[in-house]
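J.: Pasting a structure here, questions to come.
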Amino acid sequence: MKRHCRSLHSPNKTWYYPRTVRSYLRRAQMALSGTNARQGELGDFLRSRRQKLTPKAVGLPAGRRRRTPGLRREEVAELAGIGVDWYIRLEQGRSVSPSAATVDALARALRLTRAEHRHLRELTQNTDRRAFVREIVPPAIQRTIEQLNLPAYIVGRRWDILAWNAAADEIFAFSRLAEADRNSLLLVLTNPATRRLFGASWADEAQRMVAQFRATHDLWAGDPAFRDLLARLGEGCPEFAGWWEAHDVSGIAAGRKSLIHPKKGRLKLEYASFQANDDPWLKLVIYTAV
């Protein structure tokens, strides 16, 4: 039987990673050449949205045969009412600071969703961030989830699983994982047991999570902790490279999951997440049976 997922631990060889991950690792070093990693992600995001649009979708004539998919840069610039050279600088990840009005114009020109528009706005804000540090769950929150009868756990900004209760452990077996592997993305994308848990819905669930995580990742592009996570995902899940290349972005929302548990049988669960007042990056995820 063909193995879908490789070992969780990555060798120290960048050539081993899929093309997309190698590209990311190169962009993560942009600071050495004076280019901001977040600006690189901004350029990739704009390019991915442009390439997914057709002239017909934005009311333009198809014109002569196109050698590349999507709209041309000059067409996006015209639709947004900005200069072509200036827009090219944005896609190239060069140092450009668009105004709020320009961001809104680009969102309309590229037919962005609400989540994509918010992501574009956040990417254009030149906010300096300190190096990522793994969050610590306050004792009061830890005690609260431990006393819940419903499956519940806490994740941080990098989607690390920081705390959980017994009901959640019975389903997802967090306690059996090494601390370095307690991450929602690693668990779903690279752990064979979790892949079996989701069954036929695994690909949809994994792709949804990648699109949601992308919104956070791009704001921390270049940070070593996020670089490491991306490399492990690229090595551990062959499908990840294609999903990451698409640069899809979606917001966090409540939903449902259908699981096939080895002991509990089929589980149909509804989930919702909540921010903690103590630290907005901490999110409480609670499941209920439906």
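In the structure tokens, chains take the letters A, B, ... in the order shown, each chain's residues start at 1, and ligands count up from 1 in the order shown.
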Do you have, as JSON lines, the list of residues of region 41-92 of chain A lying at most 12 Å from region 208-217 of chain A, each with its nearest atom pair and that distance in Å to one decimal, counting only C-alpha atoms and ordered by chain then number?
T.:
```
{"residue": "A:Glu41", "atom": "CA", "partner": "A:His217", "partner_atom": "CA", "distance": 9.4}
{"residue": "A:Leu42", "atom": "CA", "partner": "A:Ala215", "partner_atom": "CA", "distance": 11.0}
{"residue": "A:Asp44", "atom": "CA", "partner": "A:Arg214", "partner_atom": "CA", "distance": 11.9}
{"residue": "A:Phe45", "atom": "CA", "partner": "A:Arg214", "partner_atom": "CA", "distance": 10.2}
```
J.: If DSSP is run on the backbone, what residues of region 108-186 of chain A are helix (DSSP H, G or I)? A reply as a count of residues only would be ideal.
T.: 36
J.: Check the smallest atom-to-atom distance from each of A:Ala272, A:Val96, A:Leu229, A:Leu150 to Leu187 (chain A) using only C-alpha atoms, then report the winner.
T.: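 That would be A:Leu229, the residue with the smallest distance to Leu187 (chain A).
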J.: Any idea what's packed within 12 Å of Arg266 (chain A), counting only C-alpha atoms, ignoring anything in its chain fewer than 2 positions away? Could you give it as a ChimeraX atom specification?
T.: /A:171,196-199,257-264,268-269,289-290
J.: Write the residues you've just listed into a file as a short mmCIF file (atom, residue, chain, number, x, y, z; two decimals), in the first residue's frame, and include C-alpha atoms for each of them.
T.:
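File produced: out33.cif:
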```
data_model
loop_
_atom_site.label_atom_id
_atom_site.label_comp_id
_atom_site.auth_asym_id
_atom_site.auth_seq_id
_atom_site.Cartn_x
_atom_site.Cartn_y
_atom_site.Cartn_z
CA ILE A 171 -10.91 11.36 20.61
CA ARG A 196 -7.83 7.40 9.17
CA LEU A 197 -9.94 9.17 11.81
CA PHE A 198 -11.29 11.60 9.17
CA GLY A 199 -11.70 8.93 6.50
CA LYS A 257 -16.79 17.02 11.50
CA SER A 258 -17.57 13.39 10.83
CA LEU A 259 -15.01 11.04 12.37
CA ILE A 260 -14.51 7.28 12.35
CA HIS A 261 -13.03 6.52 15.76
CA PRO A 262 -11.42 3.08 16.31
CA LYS A 263 -13.18 2.65 19.68
CA LYS A 264 -16.13 5.05 19.63
CA LYS A 268 -20.67 13.49 14.24
CA LEU A 269 -19.45 16.61 15.97
CA ALA A 289 -22.30 15.84 19.46
CA VAL A 290 -24.95 16.34 16.75
#
```
J.: One decimal, Å: what's the distance from CA of Leu123 (chain A) over to CA of Arg49 (chain A), could you say?
T.: 14.4 Å
J.: Could you tell me which of A:Phe132, A:Leu110, A:Ala115, A:Val155 comes closest to Arg227 (chain A) if we count only C-alpha atoms?
T.: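 The shortest atom-to-atom distance to Arg227 (chain A) comes from A:Phe132.
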J.: Looking at only C-alpha atoms, which of A:Arg114, A:Arg73, A:Lys56, A:Arg157 is the one that sits closest to Trp86 (chain A)?
T.: A:Arg73
J.: What lies within 6 Å of Gly93 (chain A) using only C-alpha atoms, ignoring chain neighbours under 6 positions off, as a list in words?
T.: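 My list of contacting residues is Gln39, Gly40 and Gly43 of chain A.
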J.: Between CA of Pro139 (chain A) and CA of Ala168 (chain A), what is the distance, to one decimal in Å?
T.: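 These two atoms are separated by 18.2 Å.
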J.: When you look at Phe172 (chain A) with a cut-off of 10 Å (counting only C-alpha atoms), what residues show up, excluding the ones that are within fewer than 5 positions of it in the same chain? I need them as a list of chain:residue names.
T.: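 What passes the distance filter is A:Pro151, A:Trp164, A:Ala166, A:Ala167, A:Leu177, A:Leu187, A:Val188, A:Ala193, A:Thr194, A:Leu197, A:His261.
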J.: So that I can check the surroundings of Pro224 (chain A), please list as a list in words every protein, DNA and RNA residue that reaches within 12 Å of it, counting only C-alpha atoms and ignoring chain neighbours fewer than 2 positions away.
T.: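 Neighbouring residues, sequence-local ones excluded: Tyr24, Leu25, Ala28, Gln29, Ala37, Arg130, Ala131, Phe132, Val133, Arg158, His217, Trp220, Ala221, Gly222, Phe226, Arg227, Asp228, Leu229, Leu230 and Ala231 of chain A.
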J.: Would you mind exporting C-alpha atoms of the selected residues as a short mmCIF file (atom, residue, chain, number, x, y, z; two decimals), in the first residue's frame?
T.:
```
data_model
loop_
_atom_site.label_atom_id
_atom_site.label_comp_id
_atom_site.auth_asym_id
_atom_site.auth_seq_id
_atom_site.Cartn_x
_atom_site.Cartn_y
_atom_site.Cartn_z
CA TYR A 24 9.19 29.67 0.96
CA LEU A 25 12.48 28.91 2.68
CA ALA A 28 12.28 33.57 4.53
CA GLN A 29 15.88 34.69 4.03
CA ALA A 37 9.19 38.35 4.08
CA ARG A 130 8.78 40.09 17.95
CA ALA A 131 10.02 36.54 17.43
CA PHE A 132 7.35 33.93 18.06
CA VAL A 133 7.26 32.51 21.58
CA ARG A 158 0.88 28.70 15.40
CA HIS A 217 1.14 32.43 8.71
CA TRP A 220 4.56 35.83 10.69
CA ALA A 221 6.39 34.99 7.45
CA GLY A 222 10.10 34.55 8.06
CA PHE A 226 6.74 29.18 11.37
CA ARG A 227 9.51 28.21 8.92
CA ASP A 228 10.06 25.00 10.84
CA LEU A 229 6.36 24.15 10.88
CA LEU A 230 6.03 24.76 7.16
CA ALA A 231 9.02 22.55 6.40
#
```
J.: Enumerate the residues of region 8-255 of chain A with a DSSP assignment of strand (DSSP E or B), computed from the backbone, and present them as a PDB file with N, CA and C atoms, in the first residue's frame.
T.:
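Output contents, as saved in out.pdb:
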```pdb
ATOM      1  N   ALA A 152     -12.693  19.604  24.620  1.00  0.00           N
ATOM      2  CA  ALA A 152     -12.231  20.983  24.469  1.00  0.00           C
ATOM      3  C   ALA A 152     -10.713  21.028  24.543  1.00  0.00           C
ATOM      4  N   TYR A 153     -10.128  21.975  23.808  1.00  0.00           N
ATOM      5  CA  TYR A 153      -8.684  22.181  23.875  1.00  0.00           C
ATOM      6  C   TYR A 153      -8.351  23.621  23.505  1.00  0.00           C
ATOM      7  N   ILE A 154      -7.117  24.023  23.806  1.00  0.00           N
ATOM      8  CA  ILE A 154      -6.632  25.375  23.551  1.00  0.00           C
ATOM      9  C   ILE A 154      -5.517  25.326  22.512  1.00  0.00           C
ATOM     10  N   VAL A 155      -5.591  26.197  21.493  1.00  0.00           N
ATOM     11  CA  VAL A 155      -4.507  26.315  20.514  1.00  0.00           C
ATOM     12  C   VAL A 155      -3.970  27.741  20.529  1.00  0.00           C
ATOM     13  N   ASP A 160      -0.427  25.432  17.782  1.00  0.00           N
ATOM     14  CA  ASP A 160       0.060  24.432  18.723  1.00  0.00           C
ATOM     15  C   ASP A 160      -1.054  24.086  19.701  1.00  0.00           C
ATOM     16  N   ILE A 161      -1.170  22.835  20.037  1.00  0.00           N
ATOM     17  CA  ILE A 161      -2.169  22.378  21.011  1.00  0.00           C
ATOM     18  C   ILE A 161      -1.548  22.518  22.390  1.00  0.00           C
ATOM     19  N   LEU A 162      -2.043  23.465  23.163  1.00  0.00           N
ATOM     20  CA  LEU A 162      -1.399  23.860  24.414  1.00  0.00           C
ATOM     21  C   LEU A 162      -2.018  23.228  25.645  1.00  0.00           C
ATOM     22  N   ALA A 163      -3.297  22.912  25.588  1.00  0.00           N
ATOM     23  CA  ALA A 163      -3.997  22.310  26.733  1.00  0.00           C
ATOM     24  C   ALA A 163      -5.245  21.612  26.215  1.00  0.00           C
ATOM     25  N   TRP A 164      -5.712  20.609  26.945  1.00  0.00           N
ATOM     26  CA  TRP A 164      -6.894  19.850  26.528  1.00  0.00           C
ATOM     27  C   TRP A 164      -7.493  19.152  27.739  1.00  0.00           C
ATOM     28  N   ASN A 183       0.439  19.851  17.455  1.00  0.00           N
ATOM     29  CA  ASN A 183       0.074  20.966  16.599  1.00  0.00           C
ATOM     30  C   ASN A 183      -1.067  20.493  15.717  1.00  0.00           C
ATOM     31  N   GLY A 255     -18.212  24.790  12.519  1.00  0.00           N
ATOM     32  CA  GLY A 255     -18.501  23.799  11.485  1.00  0.00           C
ATOM     33  C   GLY A 255     -18.780  22.435  12.077  1.00  0.00           C
TER      34      GLY A 255
END
```
J.: So which one's closest to Ala100 (chain A), A:Glu74, A:Leu112, A:Arg67, A:Glu122? Using only C-alpha atoms, please.
T.: A:Glu122
